[in-house]
file protein21.txt (compact mmCIF, C-alpha atoms (C1' of nucleotides))
# COMPACT_ATOMS: atom_id res chain seq x y z
CA MET A 2 5.82 17.54 17.31
CA ASN A 3 4.64 16.59 20.80
CA ALA A 4 2.35 13.87 22.10
CA ASP A 5 -0.70 16.13 22.42
CA GLN A 6 -0.36 17.23 18.82
CA ARG A 7 -0.11 13.63 17.63
CA ARG A 8 -3.20 12.64 19.58
CA GLU A 9 -5.12 15.62 18.20
CA ILE A 10 -4.08 14.71 14.64
CA PHE A 11 -5.40 11.16 15.01
CA ARG A 12 -8.52 12.37 16.79
CA ARG A 13 -9.40 14.61 13.85
CA LEU A 14 -8.48 12.01 11.23
CA ALA A 15 -10.73 9.49 12.99
CA LEU A 16 -13.59 11.99 12.91
CA SER A 17 -13.12 12.78 9.22
CA ILE A 18 -12.65 9.10 8.23
CA PRO A 19 -15.51 7.20 9.89
CA ASP A 20 -14.74 3.86 8.24
CA PRO A 21 -10.95 3.38 8.24
CA ARG A 22 -10.77 0.08 6.35
CA THR A 23 -9.01 -1.18 3.26
CA GLU A 24 -10.61 -0.41 -0.09
CA LEU A 25 -9.24 -3.59 -1.62
CA ASN A 26 -12.09 -5.98 -2.42
CA HIS A 27 -11.70 -9.29 -0.63
CA ALA A 28 -13.90 -11.99 0.92
CA SER A 29 -11.18 -13.90 2.76
CA THR A 30 -7.68 -13.47 4.14
CA PHE A 31 -6.31 -15.32 1.12
CA GLU A 32 -8.02 -12.90 -1.24
CA LEU A 33 -6.69 -9.98 0.80
CA LEU A 34 -3.16 -11.37 0.52
CA VAL A 35 -3.43 -11.66 -3.27
CA ALA A 36 -4.92 -8.17 -3.52
CA VAL A 37 -2.18 -6.62 -1.39
CA ILE A 38 0.56 -8.29 -3.46
CA LEU A 39 -1.09 -6.89 -6.58
CA SER A 40 -1.38 -3.42 -5.04
CA ALA A 41 2.35 -2.70 -5.15
CA GLN A 42 2.85 0.46 -7.24
CA ALA A 43 -0.78 0.19 -8.40
CA THR A 44 -4.08 1.80 -7.47
CA ASP A 45 -6.73 0.02 -5.42
CA LYS A 46 -9.24 0.78 -8.15
CA GLY A 47 -7.14 -0.98 -10.77
CA VAL A 48 -6.52 -3.94 -8.49
CA ASN A 49 -10.24 -4.32 -7.73
CA LEU A 50 -11.06 -4.29 -11.42
CA ALA A 51 -8.82 -7.33 -11.92
CA THR A 52 -9.61 -9.20 -8.70
CA ASN A 53 -13.37 -8.96 -9.22
CA ARG A 54 -12.94 -11.25 -12.22
CA LEU A 55 -10.14 -13.32 -10.75
CA PHE A 56 -11.85 -14.17 -7.47
CA ALA A 57 -15.09 -15.05 -9.25
CA ASP A 58 -13.16 -17.81 -11.02
CA ALA A 59 -10.48 -18.64 -8.44
CA SER A 60 -10.73 -17.76 -4.76
CA SER A 61 -8.52 -20.40 -3.10
CA PRO A 62 -4.80 -21.14 -3.25
CA GLN A 63 -5.58 -24.40 -5.04
CA ALA A 64 -7.71 -22.68 -7.68
CA VAL A 65 -5.24 -19.87 -8.32
CA LEU A 66 -2.35 -22.33 -8.49
CA ALA A 67 -4.28 -24.31 -11.09
CA LEU A 68 -4.42 -21.24 -13.34
CA GLY A 69 -0.66 -21.24 -13.73
CA VAL A 70 1.40 -18.12 -14.36
CA THR A 71 0.04 -17.56 -17.85
CA GLY A 72 -3.53 -18.16 -16.81
CA LEU A 73 -3.21 -15.77 -13.89
CA GLU A 74 -1.59 -13.12 -16.09
CA ALA A 75 -4.70 -13.05 -18.25
CA TYR A 76 -6.61 -11.68 -15.25
CA ILE A 77 -4.04 -9.20 -14.00
CA ASN A 78 -2.25 -7.86 -17.08
CA SER A 79 -3.90 -4.47 -16.70
CA ILE A 80 -1.88 -3.96 -13.51
CA GLY A 81 1.69 -2.71 -13.52
CA LEU A 82 4.48 -5.19 -12.78
CA TYR A 83 2.03 -7.96 -13.59
CA HIS A 84 4.51 -10.58 -14.81
CA GLY A 85 6.52 -10.63 -11.60
CA LYS A 86 3.39 -10.47 -9.50
CA ALA A 87 1.90 -13.47 -11.31
CA LYS A 88 5.02 -15.55 -10.67
CA HIS A 89 5.10 -14.54 -7.02
CA ILE A 90 1.42 -15.24 -6.43
CA ILE A 91 1.63 -18.70 -7.99
CA GLU A 92 4.67 -19.56 -5.88
CA THR A 93 2.97 -18.14 -2.80
CA CYS A 94 -0.07 -20.36 -3.41
CA ARG A 95 2.19 -23.38 -3.65
CA LEU A 96 3.84 -22.51 -0.32
CA LEU A 97 0.51 -21.84 1.39
CA ILE A 98 -0.64 -25.32 0.41
CA ASP A 99 2.63 -27.11 1.15
CA ARG A 100 3.55 -25.40 4.42
CA HIS A 101 0.43 -23.84 5.87
CA GLY A 102 -2.47 -26.13 5.07
CA GLY A 103 -3.83 -23.69 2.53
CA GLN A 104 -4.20 -20.97 5.19
CA VAL A 105 -2.54 -17.57 5.38
CA PRO A 106 -0.06 -17.62 8.30
CA ASP A 107 -0.32 -15.00 11.05
CA SER A 108 3.35 -14.47 11.83
CA ARG A 109 5.64 -11.92 10.23
CA ALA A 110 8.37 -14.46 9.55
CA ALA A 111 6.06 -16.88 7.76
CA LEU A 112 4.45 -14.08 5.75
CA GLU A 113 7.75 -12.56 4.66
CA ALA A 114 8.94 -16.01 3.55
CA LEU A 115 6.26 -15.90 0.84
CA PRO A 116 7.42 -14.63 -2.58
CA GLY A 117 6.14 -11.13 -3.27
CA VAL A 118 5.57 -10.46 0.43
CA GLY A 119 7.90 -7.99 2.13
CA ARG A 120 7.58 -6.04 5.34
CA LYS A 121 4.89 -3.67 4.10
CA THR A 122 2.60 -6.41 2.75
CA ALA A 123 3.15 -8.56 5.85
CA ASN A 124 2.19 -5.62 8.06
CA VAL A 125 -1.00 -5.02 6.08
CA ILE A 126 -2.06 -8.65 6.60
CA LEU A 127 -1.08 -8.67 10.27
CA ASN A 128 -3.04 -5.46 10.89
CA THR A 129 -6.05 -5.86 8.62
CA ALA A 130 -6.68 -9.60 8.86
CA PHE A 131 -5.30 -10.44 12.29
CA GLY A 132 -5.77 -7.19 14.20
CA HIS A 133 -2.15 -6.68 15.19
CA PRO A 134 -1.27 -3.08 16.19
CA VAL A 135 1.31 -2.60 13.45
CA ILE A 136 1.58 0.14 10.84
CA ALA A 137 2.41 -0.77 7.25
CA VAL A 138 4.36 2.10 5.73
CA ASP A 139 3.52 2.46 2.07
CA THR A 140 4.19 5.32 -0.33
CA HIS A 141 1.40 7.42 1.25
CA ILE A 142 2.40 6.96 4.86
CA PHE A 143 6.06 7.52 4.07
CA ARG A 144 5.11 10.80 2.41
CA LEU A 145 2.78 11.91 5.24
CA GLY A 146 5.23 11.00 7.97
CA ASN A 147 7.77 13.35 6.48
CA ARG A 148 5.46 16.03 5.13
CA ILE A 149 3.26 16.48 8.19
CA GLY A 150 6.21 15.95 10.50
CA ILE A 151 4.43 13.28 12.50
CA ALA A 152 7.20 10.69 11.89
CA PRO A 153 10.08 11.95 9.75
CA GLY A 154 12.52 9.31 8.50
CA LYS A 155 14.77 8.48 5.57
CA THR A 156 13.44 4.96 5.05
CA PRO A 157 10.00 3.35 5.39
CA LEU A 158 11.31 1.27 8.28
CA ALA A 159 12.49 4.38 10.13
CA VAL A 160 9.07 6.00 9.65
CA GLU A 161 7.36 2.80 10.80
CA GLN A 162 9.42 2.64 13.99
CA LYS A 163 8.74 6.28 14.84
CA LEU A 164 5.03 5.86 14.18
CA THR A 165 4.84 2.67 16.23
CA LYS A 166 6.56 4.37 19.14
CA SER A 167 4.76 7.71 19.04
CA THR A 168 1.19 6.88 18.01
CA PRO A 169 -1.29 7.02 20.92
CA PRO A 170 -2.12 3.36 21.69
CA GLU A 171 -5.85 3.84 21.22
CA TYR A 172 -5.22 4.84 17.59
CA LEU A 173 -2.63 2.16 16.72
CA PRO A 174 -5.10 -0.38 15.28
CA ASP A 175 -6.57 2.13 12.82
CA ALA A 176 -3.52 4.36 12.29
CA HIS A 177 -2.51 2.62 9.07
CA HIS A 178 -5.85 3.13 7.35
CA LEU A 179 -6.43 6.61 8.77
CA LEU A 180 -3.11 7.77 7.35
CA ILE A 181 -3.36 5.99 4.03
CA LEU A 182 -6.88 7.24 3.32
CA HIS A 183 -5.93 10.78 4.32
CA GLY A 184 -2.98 10.48 1.96
CA ARG A 185 -5.07 9.13 -0.87
CA TYR A 186 -7.85 11.69 -0.79
CA VAL A 187 -6.48 14.82 0.91
CA CYS A 188 -2.72 14.84 1.43
CA THR A 189 -2.01 13.71 -2.13
CA ALA A 190 1.48 13.40 -3.55
CA ARG A 191 1.16 16.05 -6.22
CA ALA A 192 -1.27 18.78 -5.22
CA PRO A 193 -2.24 18.25 -1.57
CA LYS A 194 -5.67 19.65 -0.74
CA CYS A 195 -4.50 21.76 2.19
CA GLY A 196 -7.55 23.98 1.86
CA THR A 197 -9.87 21.20 3.03
CA CYS A 198 -7.44 19.44 5.37
CA VAL A 199 -8.66 18.93 8.95
CA ILE A 200 -5.14 18.92 10.42
CA ARG A 201 -3.86 21.86 8.46
CA ASP A 202 -2.93 23.91 11.55
CA LEU A 203 -0.94 21.02 13.04
CA CYS A 204 1.02 20.24 9.87
CA GLU A 205 4.66 21.18 9.33
CA TYR A 206 4.41 21.25 5.52
CA LYS A 207 5.89 24.53 4.41
CA SER A 208 4.19 24.99 1.06
CA LYS A 209 0.61 25.26 2.24
CA GLY A 210 -1.53 27.70 0.41
CA PRO A 211 -3.95 30.12 2.12
CA ALA A 212 -6.81 28.67 4.16
CA THR A 213 -10.17 28.50 2.44
C1' DA B 23 21.05 0.91 -7.01
C1' DT B 24 18.27 -1.11 -10.43
C1' DC B 25 14.64 -3.61 -12.54
C1' DC B 26 9.81 -4.86 -12.95
C1' DC B 27 5.54 -2.07 -15.74
C1' DG B 28 0.06 -0.66 -16.86
C1' DA B 29 -3.41 2.93 -16.18
C1' DG B 30 -5.03 7.31 -14.71
C1' DG B 31 -4.25 12.14 -13.40
C1' DG B 32 -2.45 16.81 -13.85
C1' DC C 29 4.37 14.79 -21.51
C1' DC C 30 5.81 13.42 -16.52
C1' DC C 31 4.25 11.75 -12.02
C1' DT C 32 2.02 8.59 -9.09
C1' DC C 33 -0.11 4.43 -7.47
C1' DT C 34 -0.99 0.52 -0.23
C1' DG C 35 6.80 -2.69 -3.15
C1' DG C 36 9.73 -6.54 -3.57
C1' DA C 37 13.62 -9.17 -5.41
C1' DT C 38 18.10 -9.13 -7.30

call {"tool": "encode", "arguments": {"input": "protein21.txt", "output": "structure tokens"}}
result
Amino acid sequence: MNADQRREIFRRLALSIPDPRTELNHASTFELLVAVILSAQATDKGVNLATNRLFADASSPQAVLALGVTGLEAYINSIGLYHGKAKHIIETCRLLIDRHGGQVPDSRAALEALPGVGRKTANVILNTAFGHPVIAVDTHIFRLGNRIGIAPGKTPLAVEQKLTKSTPPEYLPDAHHLLILHGRYVCTARAPKCGTCVIRDLCEYKSKGPAT
DNA sequence: ATCCCGAGGG
DNA sequence: CCCTCTGGAT
């Protein structure tokens, strides 16, 4: 796939997705961090259902820490992997207070030092909250990179590096959300909606059905 | 490589 | 029923 094709793909995605932002409910960077930790192997819809109640009662590191693991679990036990996530979030709140004055840090190293925060979550915060031109490679973007052929790679990190290198600079800030939303609603894991896909003719996926 | 682990969709 | 959902820690 060449540079012109990549630019055309992002141009069309930007036209079809006018508001490329996260669908995770949040009113602060701290709330976004908690929501992104919860979103691992879970749907945004399910996360929002839990965080709507959680953030109404506890919207600061101090308030969430005060809930304790068991108290926090009561809000998030409808989400998969909730026990581990509760422990991580409580520990993360403690570190935010002890090391960062209760604020969410804006460096990759400091973010990845927080329990429950790996490269993907750190990249989401850096991009969404702090405007850094980085691309968080989640399950959707990993799938699209390989399926479309825009950034094939065996690991999420390999896909991220190819995307970072090959994405037209003007699309880098929004690339993460353009790709993830396209993956969520059109280029789905199970039965991709190739019939209504705006980049169908530029895609390398071999199993496309007939155009509609 | 394996474990964590609930809800919704096909 | 099986697969998938904005992964991370061990």

call {"tool": "closest_atom_pairs", "arguments": {"input": "protein21.txt", "of": "chain A", "to": "chain B", "cutoff": "10 Å", "atoms": "all atoms listed in the file", "output": "Markdown table"}}
result
| residue | atom | partner | partner_atom | distance |
| --- | --- | --- | --- | --- |
| A:Gln42 | CA | B:DC27 | C1' | 9.3 |
| A:Ala43 | CA | B:DG28 | C1' | 8.5 |
| A:Thr44 | CA | B:DA29 | C1' | 8.8 |
| A:Gly47 | CA | B:DA29 | C1' | 7.6 |
| A:Ile77 | CA | B:DG28 | C1' | 9.9 |
| A:Asn78 | CA | B:DG28 | C1' | 7.6 |
| A:Ser79 | CA | B:DG28 | C1' | 5.5 |
| A:Ile80 | CA | B:DG28 | C1' | 5.1 |
| A:Gly81 | CA | B:DG28 | C1' | 4.2 |
| A:Leu82 | CA | B:DC27 | C1' | 4.4 |
| A:Tyr83 | CA | B:DC27 | C1' | 7.2 |
| A:His84 | CA | B:DC26 | C1' | 8.0 |
| A:Gly85 | CA | B:DC26 | C1' | 6.8 |
| A:Lys86 | CA | B:DC26 | C1' | 9.2 |
| A:Arg191 | CA | B:DG32 | C1' | 8.5 |
| A:Ala192 | CA | B:DG32 | C1' | 8.9 |

call {"tool": "atom_distance", "arguments": {"input": "protein21.txt", "atom1": "atom CA of A:Ile126", "atom2": "atom CA of A:Glu9"}}
result
27.1 Å

call {"tool": "residues_around", "arguments": {"input": "protein21.txt", "residues": "C:DG36", "least_positions_apart": "5", "cutoff": "8 Å", "atoms": "only C-alpha atoms (C1' of nucleotides)", "output": "JSON, numbers by chain"}}
result
{"A": [117, 118, 119]}

call {"tool": "atom_distance", "arguments": {"input": "protein21.txt", "atom1": "atom CA of A:Phe56", "atom2": "atom CA of A:Leu127"}}
result
21.5 Å

call {"tool": "atom_distance", "arguments": {"input": "protein21.txt", "atom1": "atom CA of A:His89", "atom2": "atom CA of A:Leu158"}}
result
22.9 Å

call {"tool": "interface_residues", "arguments": {"input": "protein21.txt", "of": "chain C", "to": "chain A", "cutoff": "6 Å", "atoms": "all atoms listed in the file", "output": "ChimeraX atom specification"}}
result
/C:33-36

call {"tool": "residues_around", "arguments": {"input": "protein21.txt", "residues": "A:Pro174", "least_positions_apart": "3", "cutoff": "7 Å", "atoms": "all atoms listed in the file", "output": "list in words"}}
result
Gly132, His133 and Pro134 of chain A

call {"tool": "closest_residue", "arguments": {"input": "protein21.txt", "among": "A:Glu74, A:His101, A:Pro106, A:Ser17", "to": "A:Tyr186", "atoms": "only C-alpha atoms"}}
result
A:Ser17

call {"tool": "residues_around", "arguments": {"input": "protein21.txt", "residues": "A:Ala64", "least_positions_apart": "5", "cutoff": "12 Å", "atoms": "all atoms listed in the file", "output": "JSON, numbers by chain"}}
result
{"A": [31, 32, 55, 56, 57, 58, 59, 69, 72, 73, 90, 91, 94, 95, 98, 103]}

call {"tool": "decode", "arguments": {"input": "protein21.txt", "residues": "chain B", "atoms": "N, CA and C atoms (P, O5', C5', C4', C3', O3' and C1' of nucleotides)", "output": "PDB file, in the first residue's frame"}}
result
ATOM      1  P    DA B  23       3.362 -18.507  22.559  1.00  0.00           P
ATOM      2  O5'  DA B  23       2.975 -18.896  24.059  1.00  0.00           O
ATOM      3  C5'  DA B  23       3.589 -20.027  24.679  1.00  0.00           C
ATOM      4  C4'  DA B  23       2.921 -20.282  26.000  1.00  0.00           C
ATOM      5  C3'  DA B  23       1.393 -20.393  25.939  1.00  0.00           C
ATOM      6  O3'  DA B  23       0.981 -21.423  26.828  1.00  0.00           O
ATOM      7  C1'  DA B  23       2.001 -18.607  27.384  1.00  0.00           C
ATOM      8  P    DT B  24      -0.564 -21.799  26.998  1.00  0.00           P
ATOM      9  O5'  DT B  24      -1.002 -21.049  28.334  1.00  0.00           O
ATOM     10  C5'  DT B  24      -0.173 -21.137  29.481  1.00  0.00           C
ATOM     11  C4'  DT B  24      -0.768 -20.294  30.582  1.00  0.00           C
ATOM     12  C3'  DT B  24      -2.306 -20.308  30.657  1.00  0.00           C
ATOM     13  O3'  DT B  24      -2.688 -20.631  31.972  1.00  0.00           O
ATOM     14  C1'  DT B  24      -1.497 -18.087  30.709  1.00  0.00           C
ATOM     15  P    DC B  25      -4.203 -20.999  32.308  1.00  0.00           P
ATOM     16  O5'  DC B  25      -4.696 -19.734  33.126  1.00  0.00           O
ATOM     17  C5'  DC B  25      -4.127 -19.460  34.402  1.00  0.00           C
ATOM     18  C4'  DC B  25      -4.446 -18.024  34.776  1.00  0.00           C
ATOM     19  C3'  DC B  25      -5.934 -17.708  34.862  1.00  0.00           C
ATOM     20  O3'  DC B  25      -6.292 -17.499  36.209  1.00  0.00           O
ATOM     21  C1'  DC B  25      -4.696 -15.989  33.738  1.00  0.00           C
ATOM     22  P    DC B  26      -7.809 -17.502  36.678  1.00  0.00           P
ATOM     23  O5'  DC B  26      -8.230 -15.977  36.543  1.00  0.00           O
ATOM     24  C5'  DC B  26      -7.573 -14.974  37.324  1.00  0.00           C
ATOM     25  C4'  DC B  26      -7.968 -13.616  36.785  1.00  0.00           C
ATOM     26  C3'  DC B  26      -9.472 -13.459  36.548  1.00  0.00           C
ATOM     27  O3'  DC B  26     -10.026 -12.629  37.559  1.00  0.00           O
ATOM     28  C1'  DC B  26      -8.166 -12.527  34.778  1.00  0.00           C
ATOM     29  P    DC B  27     -11.361 -13.147  38.325  1.00  0.00           P
ATOM     30  O5'  DC B  27     -12.489 -12.915  37.206  1.00  0.00           O
ATOM     31  C5'  DC B  27     -12.825 -11.604  36.835  1.00  0.00           C
ATOM     32  C4'  DC B  27     -13.777 -11.636  35.658  1.00  0.00           C
ATOM     33  C3'  DC B  27     -14.819 -12.757  35.713  1.00  0.00           C
ATOM     34  O3'  DC B  27     -16.098 -12.186  35.618  1.00  0.00           O
ATOM     35  C1'  DC B  27     -13.856 -12.586  33.568  1.00  0.00           C
ATOM     36  P    DG B  28     -17.395 -13.062  36.110  1.00  0.00           P
ATOM     37  O5'  DG B  28     -18.611 -12.148  35.678  1.00  0.00           O
ATOM     38  C5'  DG B  28     -18.606 -10.772  36.040  1.00  0.00           C
ATOM     39  C4'  DG B  28     -19.239  -9.940  34.953  1.00  0.00           C
ATOM     40  C3'  DG B  28     -20.556 -10.504  34.430  1.00  0.00           C
ATOM     41  O3'  DG B  28     -21.449  -9.424  34.232  1.00  0.00           O
ATOM     42  C1'  DG B  28     -19.033 -10.230  32.632  1.00  0.00           C
ATOM     43  P    DA B  29     -22.999  -9.710  34.065  1.00  0.00           P
ATOM     44  O5'  DA B  29     -23.203  -9.206  32.569  1.00  0.00           O
ATOM     45  C5'  DA B  29     -22.932  -7.844  32.300  1.00  0.00           C
ATOM     46  C4'  DA B  29     -22.953  -7.596  30.806  1.00  0.00           C
ATOM     47  C3'  DA B  29     -24.225  -8.097  30.118  1.00  0.00           C
ATOM     48  O3'  DA B  29     -24.658  -7.078  29.244  1.00  0.00           O
ATOM     49  C1'  DA B  29     -22.312  -8.961  29.018  1.00  0.00           C
ATOM     50  P    DG B  30     -26.164  -7.051  28.739  1.00  0.00           P
ATOM     51  O5'  DG B  30     -25.954  -7.073  27.161  1.00  0.00           O
ATOM     52  C5'  DG B  30     -25.027  -6.159  26.602  1.00  0.00           C
ATOM     53  C4'  DG B  30     -24.598  -6.652  25.242  1.00  0.00           C
ATOM     54  C3'  DG B  30     -25.758  -7.164  24.383  1.00  0.00           C
ATOM     55  O3'  DG B  30     -25.739  -6.484  23.136  1.00  0.00           O
ATOM     56  C1'  DG B  30     -23.971  -8.749  24.418  1.00  0.00           C
ATOM     57  P    DG B  31     -26.822  -6.801  22.022  1.00  0.00           P
ATOM     58  O5'  DG B  31     -25.982  -7.625  20.958  1.00  0.00           O
ATOM     59  C5'  DG B  31     -24.708  -7.120  20.548  1.00  0.00           C
ATOM     60  C4'  DG B  31     -24.100  -8.053  19.521  1.00  0.00           C
ATOM     61  C3'  DG B  31     -25.090  -8.579  18.484  1.00  0.00           C
ATOM     62  O3'  DG B  31     -24.481  -8.580  17.208  1.00  0.00           O
ATOM     63  C1'  DG B  31     -24.072 -10.409  19.630  1.00  0.00           C
ATOM     64  P    DG B  32     -25.357  -8.800  15.908  1.00  0.00           P
ATOM     65  O5'  DG B  32     -24.919 -10.243  15.402  1.00  0.00           O
ATOM     66  C5'  DG B  32     -23.548 -10.498  15.138  1.00  0.00           C
ATOM     67  C4'  DG B  32     -23.345 -11.983  14.890  1.00  0.00           C
ATOM     68  C3'  DG B  32     -24.341 -12.584  13.902  1.00  0.00           C
ATOM     69  O3'  DG B  32     -23.665 -13.498  13.051  1.00  0.00           O
ATOM     70  C1'  DG B  32     -24.412 -13.784  15.928  1.00  0.00           C
TER      71       DG B  32
END
